[in-house]
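A.B. asks: What follows is the file coords.txt, containing compact mmCIF, C-alpha atoms and all ligand atoms:
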```txt
# COMPACT_ATOMS: atom_id res chain seq x y z
CA MET A 1 0.00 0.00 0.00
CA LYS A 2 0.94 3.61 -0.38
CA TYR A 3 -0.86 6.74 0.67
CA THR A 4 -0.54 10.43 0.36
CA SER A 5 -2.53 13.22 1.92
CA SER A 6 -3.14 16.83 1.15
CA GLY A 7 -4.79 19.50 3.24
CA HIS A 8 -4.26 22.49 5.49
CA SER A 9 -5.20 22.67 9.15
CA HIS A 10 -7.81 25.37 8.49
CA GLY A 11 -8.39 24.63 4.80
CA GLN A 12 -11.45 23.00 3.30
CA GLN A 13 -10.57 19.35 3.88
CA ILE A 14 -7.98 16.65 4.28
CA THR A 15 -7.81 14.52 1.12
CA ILE A 16 -6.26 11.06 1.21
CA ILE A 17 -5.36 8.77 -1.68
CA LEU A 18 -4.71 5.19 -0.59
CA GLU A 19 -3.38 2.71 -3.15
CA GLY A 20 -2.78 -1.02 -3.04
CA ILE A 21 -5.73 -2.18 -0.92
CA PRO A 22 -6.82 -5.68 -2.00
CA SER A 23 -10.24 -5.92 -3.64
CA ASN A 24 -13.43 -7.16 -1.99
CA LEU A 25 -12.65 -5.79 1.47
CA LEU A 26 -15.95 -4.78 3.10
CA ILE A 27 -15.52 -1.27 4.46
CA ASP A 28 -17.09 -0.41 7.80
CA ILE A 29 -17.45 3.38 7.73
CA GLU A 30 -18.71 3.61 11.31
CA ASP A 31 -15.59 1.84 12.56
CA ILE A 32 -13.35 4.38 10.77
CA ASN A 33 -15.41 7.30 12.12
CA GLU A 34 -15.13 5.83 15.62
CA ALA A 35 -11.33 5.78 15.24
CA LEU A 36 -11.45 9.44 14.19
CA ARG A 37 -13.66 10.27 17.17
CA LYS A 38 -11.15 8.66 19.54
CA ARG A 39 -8.32 10.68 17.94
CA GLN A 40 -10.14 13.84 19.03
CA LEU A 41 -10.57 12.83 22.68
CA GLY A 42 -8.49 13.44 25.75
CA TYR A 43 -8.22 15.92 28.58
CA GLY A 44 -5.86 18.71 27.54
CA ARG A 45 -7.12 19.21 24.00
CA GLY A 46 -8.01 22.76 22.99
CA ASN A 47 -11.22 24.33 21.77
CA ARG A 48 -10.65 23.28 18.16
CA MET A 49 -11.87 19.81 19.04
CA LYS A 50 -15.25 21.28 20.02
CA ILE A 51 -15.56 22.58 16.46
CA GLU A 52 -14.46 19.51 14.48
CA LYS A 53 -16.64 16.40 14.19
CA ASP A 54 -14.43 14.33 11.91
CA LYS A 55 -16.21 11.96 9.53
CA ILE A 56 -14.92 10.38 6.34
CA GLU A 57 -16.41 10.46 2.93
CA ILE A 58 -15.10 7.82 0.51
CA VAL A 59 -15.29 9.37 -2.93
CA SER A 60 -13.98 6.48 -5.04
CA GLY A 61 -12.32 3.07 -4.89
CA VAL A 62 -15.27 1.51 -3.07
CA LEU A 63 -18.44 0.28 -4.80
CA PHE A 64 -21.35 -1.57 -3.19
CA GLY A 65 -19.51 -1.22 0.15
CA LYS A 66 -16.39 -3.11 -1.00
CA THR A 67 -12.95 -2.09 -2.25
CA THR A 68 -12.59 -2.56 -6.01
CA GLY A 69 -8.78 -2.86 -6.04
CA ALA A 70 -8.47 0.72 -7.35
CA PRO A 71 -7.02 3.60 -5.30
CA LEU A 72 -9.35 5.01 -2.64
CA ALA A 73 -9.98 8.76 -2.52
CA ILE A 74 -11.13 9.85 0.91
CA VAL A 75 -12.14 13.24 2.26
CA VAL A 76 -12.46 14.59 5.81
CA LYS A 77 -13.91 18.10 5.93
CA ASN A 78 -12.55 20.77 8.29
CA LYS A 79 -15.52 22.45 9.92
CA ASP A 80 -13.25 25.26 11.15
CA TYR A 81 -12.67 26.28 7.52
CA ASP A 82 -15.88 28.33 7.72
CA ASN A 83 -14.16 30.56 10.32
CA HIS A 84 -11.02 31.00 8.20
CA LYS A 85 -12.18 30.98 4.60
CA ASN A 86 -11.50 34.69 4.04
CA TYR A 87 -7.84 33.83 3.79
CA MET A 88 -7.72 30.01 3.63
CA ALA A 89 -9.33 29.56 0.21
CA PRO A 90 -6.51 28.89 -2.30
CA PHE A 91 -7.07 32.14 -4.26
CA SER A 92 -8.21 34.60 -1.61
CA TYR A 93 -6.12 37.77 -1.51
CA ASP A 94 -8.61 40.34 -0.34
CA ASP A 95 -8.94 40.00 3.42
CA SER A 96 -7.70 43.42 4.54
CA ASN A 97 -7.86 42.33 8.19
CA TYR A 98 -5.45 39.49 7.61
CA GLN A 99 -2.10 39.82 9.36
CA LYS A 100 0.94 37.81 8.32
CA ILE A 101 2.50 35.67 11.03
CA GLN A 102 6.17 36.63 11.17
CA VAL A 103 7.51 35.71 14.61
CA PRO A 104 8.31 31.97 14.70
CA ARG A 105 7.54 29.72 17.66
CA PRO A 106 10.62 27.98 19.15
CA GLY A 107 10.18 24.21 18.83
CA HIS A 108 7.86 24.50 15.83
CA ALA A 109 8.47 24.02 12.07
CA ASP A 110 7.69 27.77 11.64
CA LEU A 111 11.20 29.23 11.14
CA VAL A 112 12.95 26.44 9.27
CA GLY A 113 9.90 25.94 7.05
CA ALA A 114 9.79 29.67 6.21
CA ILE A 115 13.49 29.71 5.30
CA LYS A 116 13.32 26.46 3.32
CA TYR A 117 10.24 27.42 1.25
CA ASN A 118 10.94 31.16 1.20
CA HIS A 119 7.70 32.30 2.86
CA ASP A 120 7.28 35.67 4.54
CA ASP A 121 4.20 34.41 6.40
CA MET A 122 4.53 31.37 8.63
CA ARG A 123 0.90 30.44 8.07
CA LEU A 124 2.11 28.95 4.80
CA VAL A 125 4.24 26.59 6.87
CA PHE A 126 2.13 25.68 9.85
CA GLU A 127 -1.09 25.10 7.97
CA ARG A 128 0.59 21.95 6.63
CA ALA A 129 3.01 21.19 9.48
CA SER A 130 -0.04 21.03 11.78
CA ALA A 131 -1.03 17.78 13.46
CA ARG A 132 -4.42 18.12 11.79
CA GLU A 133 -2.73 15.96 9.12
CA THR A 134 -2.78 13.00 11.53
CA VAL A 135 -6.40 12.50 10.48
CA SER A 136 -4.91 10.77 7.43
CA ARG A 137 -2.82 8.36 9.54
CA VAL A 138 -5.88 7.31 11.50
CA VAL A 139 -8.00 6.86 8.36
CA VAL A 140 -5.48 4.59 6.58
CA GLY A 141 -4.78 2.76 9.86
CA ALA A 142 -8.48 2.20 10.52
CA ILE A 143 -8.93 0.73 7.02
CA SER A 144 -5.84 -1.44 7.61
CA LYS A 145 -7.29 -2.59 10.92
CA GLN A 146 -10.23 -4.06 9.00
CA ILE A 147 -7.71 -6.23 7.12
CA LEU A 148 -5.77 -7.21 10.26
CA TYR A 149 -9.00 -8.17 12.00
CA GLN A 150 -9.64 -10.76 9.27
CA LEU A 151 -6.13 -12.11 9.79
CA GLY A 152 -6.68 -12.56 13.54
CA ILE A 153 -4.40 -9.66 14.58
CA THR A 154 -5.49 -7.07 17.15
CA ALA A 155 -3.90 -3.94 18.64
CA ALA A 156 -4.22 -1.63 21.63
CA SER A 157 -2.57 1.51 22.92
CA PHE A 158 -2.48 3.56 26.09
CA VAL A 159 -0.69 6.52 27.64
CA ARG A 160 2.23 5.62 29.95
CA GLU A 161 3.45 9.06 30.97
CA ILE A 162 2.28 12.67 30.93
CA GLY A 163 4.97 15.06 32.13
CA ASN A 164 6.50 13.41 35.19
CA VAL A 165 3.37 11.32 35.97
CA SER A 166 3.80 7.64 35.06
CA ILE A 167 1.53 4.61 35.28
CA GLU A 168 4.65 2.69 36.50
CA ASP A 169 3.68 -1.01 36.32
CA GLU A 170 -0.09 -0.50 36.67
CA ARG A 171 -2.33 -1.97 33.98
CA ASP A 172 -5.90 -1.47 35.20
CA MET A 173 -7.67 -2.07 31.88
CA ASP A 174 -11.16 -1.76 33.43
CA PHE A 175 -10.32 1.72 34.64
CA PHE A 176 -8.65 2.56 31.30
CA GLU A 177 -12.06 2.83 29.60
CA LYS A 178 -12.98 5.61 32.08
CA SER A 179 -9.68 7.48 31.99
CA ASP A 180 -9.90 10.93 30.37
CA VAL A 181 -6.19 10.70 29.57
CA MET A 182 -6.23 7.06 28.33
CA MET A 183 -4.05 5.83 31.20
CA PRO A 184 -4.72 2.39 32.73
CA SER A 185 -4.29 3.73 36.26
CA LYS A 186 -6.71 5.73 38.40
CA ARG A 187 -3.92 7.31 40.44
CA ALA A 188 -1.91 8.35 37.37
CA THR A 189 -5.05 9.67 35.64
CA GLN A 190 -5.87 11.92 38.61
CA GLU A 191 -2.29 13.14 38.88
CA ALA A 192 -2.02 13.73 35.12
CA ILE A 193 -5.27 15.73 35.03
CA ALA A 194 -4.03 17.90 37.91
CA LEU A 195 -0.73 18.41 36.07
CA ILE A 196 -2.53 19.37 32.83
CA ASP A 197 -4.61 21.90 34.82
CA GLU A 198 -1.41 23.29 36.30
CA ALA A 199 0.24 23.50 32.84
CA LYS A 200 -2.83 25.27 31.49
CA SER A 201 -2.88 27.81 34.30
CA ARG A 202 0.84 28.42 33.75
CA LYS A 203 0.11 28.86 30.02
CA ASP A 204 2.39 25.93 29.30
CA THR A 205 2.23 22.53 27.60
CA LEU A 206 3.13 18.92 28.43
CA GLY A 207 4.55 15.92 26.58
CA GLY A 208 4.64 12.25 27.47
CA ILE A 209 4.97 8.64 26.34
CA CYS A 210 2.44 6.27 24.81
CA GLN A 211 2.65 2.52 24.24
CA VAL A 212 1.26 0.47 21.36
CA GLU A 213 0.85 -3.30 21.50
CA VAL A 214 -0.04 -5.66 18.65
CA TYR A 215 -1.06 -9.24 19.31
CA ASP A 216 -1.03 -12.50 17.32
CA VAL A 217 1.35 -11.45 14.58
CA PRO A 218 3.17 -14.65 13.51
CA CYS A 219 6.96 -14.65 13.42
CA GLY A 220 8.72 -13.73 10.18
CA ILE A 221 6.87 -10.57 9.11
CA GLY A 222 9.46 -8.13 7.75
CA SER A 223 12.94 -9.35 6.87
CA TYR A 224 16.60 -9.11 7.85
CA VAL A 225 17.79 -9.32 4.22
CA SER A 226 18.00 -5.60 3.51
CA HIS A 227 17.68 -2.29 5.29
CA GLU A 228 14.44 -1.58 3.43
CA THR A 229 12.63 -4.68 4.62
CA LYS A 230 13.22 -4.36 8.37
CA LEU A 231 9.75 -3.89 9.81
CA ASP A 232 10.81 -2.44 13.19
CA ALA A 233 12.71 0.27 11.28
CA LYS A 234 9.64 1.06 9.18
CA ILE A 235 7.47 1.32 12.29
CA ALA A 236 10.04 3.55 14.00
CA ALA A 237 10.26 5.87 10.98
CA ALA A 238 6.48 6.09 10.69
CA LEU A 239 6.09 6.91 14.39
CA LEU A 240 8.86 9.52 14.25
CA SER A 241 7.03 11.21 11.40
CA ILE A 242 4.08 11.99 13.69
CA GLN A 243 4.19 15.66 14.70
CA SER A 244 6.04 16.17 18.03
CA CYS A 245 7.35 12.57 18.25
CA LYS A 246 11.00 12.65 19.37
CA GLY A 247 11.82 9.02 20.08
CA VAL A 248 10.73 5.40 19.72
CA GLU A 249 11.72 2.26 21.61
CA PHE A 250 10.85 -1.42 21.22
CA GLY A 251 10.35 -3.56 24.31
CA ASP A 252 12.73 -2.50 27.08
CA GLY A 253 14.36 -0.10 24.60
CA PHE A 254 16.94 2.28 26.04
CA SER A 255 17.01 0.51 29.41
CA LEU A 256 18.48 -2.60 27.69
CA SER A 257 21.85 -0.87 27.94
CA HIS A 258 21.76 -1.26 31.74
CA HIS A 259 21.83 -5.07 31.55
CA PHE A 260 24.10 -7.99 30.72
CA GLY A 261 23.10 -9.84 27.55
CA SER A 262 22.18 -12.93 29.56
CA GLU A 263 19.53 -10.91 31.39
CA VAL A 264 17.70 -9.62 28.33
CA HIS A 265 17.90 -12.05 25.40
CA ASP A 266 14.47 -13.67 25.27
CA GLU A 267 15.08 -17.38 25.86
CA ILE A 268 13.54 -19.87 23.44
CA ILE A 269 11.11 -22.61 24.45
CA TYR A 270 8.97 -25.05 22.47
CA GLU A 271 5.33 -25.32 23.58
CA ASP A 272 2.96 -26.00 20.70
CA GLY A 273 5.36 -23.98 18.48
CA PHE A 274 8.43 -21.82 19.21
CA LYS A 275 7.89 -19.27 21.98
CA ARG A 276 9.90 -17.00 24.29
CA LYS A 277 10.10 -16.91 28.07
CA SER A 278 10.12 -13.10 28.07
CA ASN A 279 9.63 -10.19 25.67
CA HIS A 280 12.44 -7.71 26.37
CA TYR A 281 12.81 -7.02 22.64
CA GLY A 282 9.17 -6.07 22.07
CA GLY A 283 8.47 -8.74 19.47
CA PHE A 284 11.34 -8.07 17.01
CA GLU A 285 14.61 -9.80 16.20
CA GLY A 286 16.60 -9.02 13.04
CA GLY A 287 13.95 -6.59 11.79
CA MET A 288 11.36 -9.41 11.80
CA THR A 289 8.50 -10.17 14.13
CA ASN A 290 9.43 -13.08 16.42
CA GLY A 291 5.89 -14.14 17.34
CA MET A 292 5.79 -12.32 20.68
CA PRO A 293 3.46 -9.32 21.14
CA ILE A 294 4.82 -6.20 19.47
CA VAL A 295 5.47 -3.57 22.16
CA VAL A 296 6.56 -0.12 21.03
CA LYS A 297 6.69 3.19 22.90
CA ALA A 298 6.86 6.69 21.47
CA VAL A 299 7.80 9.90 23.27
CA PHE A 300 6.13 13.20 22.35
CA LYS A 301 7.63 16.56 23.26
CA PRO A 302 5.44 19.24 24.86
CA ILE A 303 3.74 20.93 21.91
CA PRO A 304 5.44 24.19 20.88
CA THR A 305 2.46 26.56 20.82
CA LEU A 306 2.49 28.28 24.22
CA MET A 307 0.06 30.83 25.61
CA GLN A 308 3.07 32.52 27.23
CA PRO A 309 5.25 33.50 24.31
CA LEU A 310 8.96 32.64 24.31
CA SER A 311 11.61 34.90 22.96
CA SER A 312 12.14 34.81 19.21
CA VAL A 313 13.05 37.07 16.29
CA HIS A 314 10.81 38.77 13.69
CA ILE A 315 11.72 37.23 10.31
CA LYS A 316 11.64 40.55 8.44
CA THR A 317 12.87 43.18 10.92
CA LYS A 318 15.30 40.72 12.60
CA GLU A 319 14.37 42.35 15.87
CA LYS A 320 13.86 40.48 19.10
CA ALA A 321 10.16 39.69 19.56
CA LEU A 322 7.81 37.41 21.46
CA SER A 323 6.59 34.38 19.49
CA HIS A 324 3.01 34.60 18.35
CA ILE A 325 0.18 33.13 20.38
CA GLU A 326 -2.27 30.73 18.73
CA ARG A 327 -5.19 28.76 20.06
CA SER A 328 -3.86 25.26 20.72
CA ASP A 329 -3.80 22.19 22.94
CA VAL A 330 -2.09 21.77 26.34
CA CYS A 331 -1.41 18.02 26.04
CA ILE A 332 -2.05 15.68 23.11
CA LEU A 333 -0.87 12.39 24.59
CA PRO A 334 -4.26 10.59 24.53
CA SER A 335 -4.67 11.61 20.91
CA ALA A 336 -1.06 10.65 20.13
CA SER A 337 -1.64 7.17 21.55
CA ILE A 338 -4.50 6.64 19.08
CA ILE A 339 -2.51 8.08 16.15
CA ALA A 340 0.51 5.93 17.09
CA MET A 341 -1.61 2.78 17.25
CA TYR A 342 -3.12 3.33 13.79
CA THR A 343 0.32 4.21 12.44
CA VAL A 344 1.73 0.89 13.66
CA ILE A 345 -1.33 -0.98 12.34
CA TYR A 346 -0.82 0.56 8.89
CA GLU A 347 2.88 -0.41 8.77
CA ILE A 348 2.21 -4.01 9.84
CA THR A 349 -0.64 -4.38 7.33
CA ASN A 350 1.54 -2.94 4.61
CA ALA A 351 4.34 -5.41 5.39
CA ILE A 352 1.86 -8.31 5.31
CA ILE A 353 0.37 -7.20 1.98
CA LYS A 354 3.90 -6.93 0.52
CA GLN A 355 4.90 -10.33 1.85
CA PHE A 356 1.76 -12.20 0.74
CA THR A 357 1.14 -10.33 -2.51
CA SER A 358 -2.57 -10.72 -3.27
CA ASP A 359 -5.06 -8.88 -5.43
CA THR A 360 -8.07 -9.88 -3.35
CA ILE A 361 -8.70 -9.96 0.40
CA HIS A 362 -9.64 -13.64 0.17
CA GLN A 363 -6.33 -14.58 -1.45
CA LEU A 364 -4.55 -12.59 1.25
CA ILE A 365 -6.39 -14.37 4.07
CA GLU A 366 -5.70 -17.77 2.51
CA ALA A 367 -1.98 -17.12 1.95
CA PHE A 368 -1.58 -15.65 5.43
CA GLN A 369 -3.42 -18.46 7.23
CA SER A 370 -1.43 -21.10 5.39
CA TYR A 371 1.78 -19.29 6.49
CA ARG A 372 0.48 -19.29 10.09
CA THR A 373 -0.04 -23.05 9.88
CA TYR A 374 3.44 -23.53 8.38
CA VAL A 375 5.02 -21.49 11.22
CA LYS A 376 3.12 -23.49 13.84
CA ARG A 377 4.30 -26.79 12.35
CA PHE A 378 7.93 -25.74 11.80
C1 LIG B 1 -2.57 22.16 15.89
C2 LIG B 1 -3.16 23.17 16.64
C3 LIG B 1 -4.57 23.06 17.09
C4 LIG B 1 -4.91 21.58 17.21
C5 LIG B 1 -4.67 20.97 15.85
C6 LIG B 1 -3.21 20.89 15.58
O1 LIG B 1 -5.48 23.57 16.15
P1 LIG B 1 -5.92 25.11 16.13
O2 LIG B 1 -4.67 25.85 15.79
O3 LIG B 1 -6.95 25.21 15.04
O4 LIG B 1 -6.47 25.43 17.48
O5 LIG B 1 -6.20 21.40 17.68
O6 LIG B 1 -5.17 19.68 15.80
C7 LIG B 1 -6.25 19.45 15.02
C8 LIG B 1 -6.94 20.37 14.39
C9 LIG B 1 -6.61 18.03 14.96
O7 LIG B 1 -7.60 17.70 14.31
O8 LIG B 1 -5.90 17.23 15.59
C10 LIG B 1 -1.20 22.33 15.39
O9 LIG B 1 -0.71 23.46 15.33
O10 LIG B 1 -0.54 21.32 15.05
```
Would you mind writing the file out in structure tokens?

C.D. replies:
Amino acid sequence: MKYTSSGHSHGQQITIILEGIPSNLLIDIEDINEALRKRQLGYGRGNRMKIEKDKIEIVSGVLFGKTTGAPLAIVVKNKDYDNHKNYMAPFSYDDSNYQKIQVPRPGHADLVGAIKYNHDDMRLVFERASARETVSRVVVGAISKQILYQLGITAASFVREIGNVSIEDERDMDFFEKSDVMMPSKRATQEAIALIDEAKSRKDTLGGICQVEVYDVPCGIGSYVSHETKLDAKIAAALLSIQSCKGVEFGDGFSLSHHFGSEVHDEIIYEDGFKRKSNHYGGFEGGMTNGMPIVVKAVFKPIPTLMQPLSSVHIKTKEKALSHIERSDVCILPSASIIAMYTVIYEITNAIIKQFTSDTIHQLIEAFQSYRTYVKRF
């Protein structure tokens, strides 16, 4: 599969073209809209989320509810466009009230984007750099999930840390459903909400860490044979491309360096197939899945738009100035955990489709299930 998206944060719509989906996949629109709804949730989001009610419209590539094998064209409208159309329509020049944005925010794509593309108004940068674009990751991931479901693969995600509040080893999945910050811990949820309130009152923002887990992926998806086929590397690159993501780790990740090899290599056992006694490597060896659950974490920096401006420089006058203030979010970790999960789902589905090349969903299921049986009998 391959996808591309186009769209500005406050433009008319996000448009997505998704190629390479097998034919005859029944598309459940409500399931995709539910994924989009979850992407908008979470304590710490700003007022924009009260405006947007994201829903997809599939324009082509699906007929009679099923994929045809042709590229899908998908649209998600931006409701907030109505409040910005005086200057956000592609050919509007005549809004006399419009003011160029010329003092870049530290930590944002503003300055480098303006230099690189030679813009004297940073709106031309941030309208595209905006995380509004993550709508597209969730849409292609939610369609991919409908394929993975038929292959017996499921996924979950949750928030591990917000600022200095961590769930530690807690995994209260019953409470998780009630957590406004998508943390599986009542204590951490309460502490994180208090911290978000504090950040908001200080006109500041918060980052954190989310975790994605994928279950029942057989071993051998991806390959060690070349740098381009290593699936953990593809997942890491895709996660790092999410706005504000600054790091990714598999399994015990960076803490592996604190141990002797004998403490962390996942020992091999045979119990109705090859298994491991532990999962320190988060389900990957040699760029391939090893049959254990995939466990990947991603760290997100505090978002750069602050209500208390930091010091910066005006791009035209070169004089010291305070960075501009924009409506924004305080913490996006719950949202990031949903985006990260659908990003991982898309990459795994893509690797499976490449490995079991099939034009139709039924051929894919057949080839995949026969591989599962082969692995089990090996
Ligand atoms: C974003 C800033 C905020 C976020 C937006 C991403 O939007 P606004 O500037 O309109 O208040 O709410 O996220 C979304 C619109 C979304 O759908 O996730 C940014 O600058 O990246």

A.B. asks: At a cut-off of 12 Å, can you tabulate as a Markdown table every residue of region 330-353 of chain A near region 115-133 of chain A together with its closest atom pair and the distance in Å to one decimal, using all atoms listed in the file and ordering rows by chain then number?

C.D. replies:
```
| residue | atom | partner | partner_atom | distance |
| --- | --- | --- | --- | --- |
| A:Ile332 | CA | A:Ala131 | CA | 9.9 |
| A:Ser335 | CA | A:Ala131 | CA | 10.3 |
| A:Ala336 | CA | A:Ala131 | CA | 9.8 |
| A:Ile339 | CA | A:Ala131 | CA | 10.2 |
```

A.B. asks: I'd like the contact shell of Arg137 (chain A) - 12 Å cut-off, all atoms listed in the file, skipping same-chain residues fewer than 5 positions apart - returned as a PyMOL selection string.

C.D. replies: chain A and resi 2-6+14-18+32+35-36+39+131-132+142-145+238-239+241-243+335-336+338-347

A.B. asks: Could you save the residues just selected, with C-alpha atoms, as a CSV table (one decimal), in the coordinates of the input?

C.D. replies:
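Written file, result-v9.csv:
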```csv
chain,number,residue,atom,x,y,z
A,2,LYS,CA,0.9,3.6,-0.4
A,3,TYR,CA,-0.9,6.7,0.7
A,4,THR,CA,-0.5,10.4,0.4
A,5,SER,CA,-2.5,13.2,1.9
A,6,SER,CA,-3.1,16.8,1.2
A,14,ILE,CA,-8.0,16.6,4.3
A,15,THR,CA,-7.8,14.5,1.1
A,16,ILE,CA,-6.3,11.1,1.2
A,17,ILE,CA,-5.4,8.8,-1.7
A,18,LEU,CA,-4.7,5.2,-0.6
A,32,ILE,CA,-13.4,4.4,10.8
A,35,ALA,CA,-11.3,5.8,15.2
A,36,LEU,CA,-11.4,9.4,14.2
A,39,ARG,CA,-8.3,10.7,17.9
A,131,ALA,CA,-1.0,17.8,13.5
A,132,ARG,CA,-4.4,18.1,11.8
A,142,ALA,CA,-8.5,2.2,10.5
A,143,ILE,CA,-8.9,0.7,7.0
A,144,SER,CA,-5.8,-1.4,7.6
A,145,LYS,CA,-7.3,-2.6,10.9
A,238,ALA,CA,6.5,6.1,10.7
A,239,LEU,CA,6.1,6.9,14.4
A,241,SER,CA,7.0,11.2,11.4
A,242,ILE,CA,4.1,12.0,13.7
A,243,GLN,CA,4.2,15.7,14.7
A,335,SER,CA,-4.7,11.6,20.9
A,336,ALA,CA,-1.1,10.6,20.1
A,338,ILE,CA,-4.5,6.6,19.1
A,339,ILE,CA,-2.5,8.1,16.2
A,340,ALA,CA,0.5,5.9,17.1
A,341,MET,CA,-1.6,2.8,17.2
A,342,TYR,CA,-3.1,3.3,13.8
A,343,THR,CA,0.3,4.2,12.4
A,344,VAL,CA,1.7,0.9,13.7
A,345,ILE,CA,-1.3,-1.0,12.3
A,346,TYR,CA,-0.8,0.6,8.9
A,347,GLU,CA,2.9,-0.4,8.8
```

A.B. asks: As an exercise, work out the distance from CA of Met288 (chain A) to CA of Ser226 (chain A) in Å and give it to one decimal place.

C.D. replies: 11.3 Å

A.B. asks: To check your reading of the model: which residues sit at most 7 Å from ligand LIG 1 (chain B) when counting all atoms listed in the file? Write the answer as a VMD selection string.

C.D. replies: chain A and resid 9 to 10 40 45 to 49 126 129 to 132 134 to 135 326 to 329

A.B. asks: If you take every atom of region 350-361 of chain A that the file lists and fit an axis-aligned box around them with 5 Å extra on each side, what centre and edge lengths come out in Å to one decimal, as AutoDock Vina command-line options?

C.D. replies:
```
--center_x -1.9 --center_y -7.6 --center_z 0.0 --size_x 23.6 --size_y 19.3 --size_z 20.8
```

A.B. asks: May I ask for the distance between CA of Phe356 (chain A) and CA of Ile221 (chain A), given in Å to one decimal place?

C.D. replies: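 One can read the CA of Phe356 (chain A) to CA of Ile221 (chain A) distance as 9.9 Å.
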
A.B. asks: Between A:Leu322, A:Asp54, A:Ile101, A:Val299, which is the closest to Leu240 (chain A) once you count all atoms listed in the file?

C.D. replies: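 Closest to Leu240 (chain A) of all the choices is A:Val299.
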
A.B. asks: Quick check, in Å to one decimal: how far apart do CA of Leu25 (chain A) and CA of Thr67 (chain A) lie?

C.D. replies: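 That distance, rounded to one decimal, is 5.3 Å.
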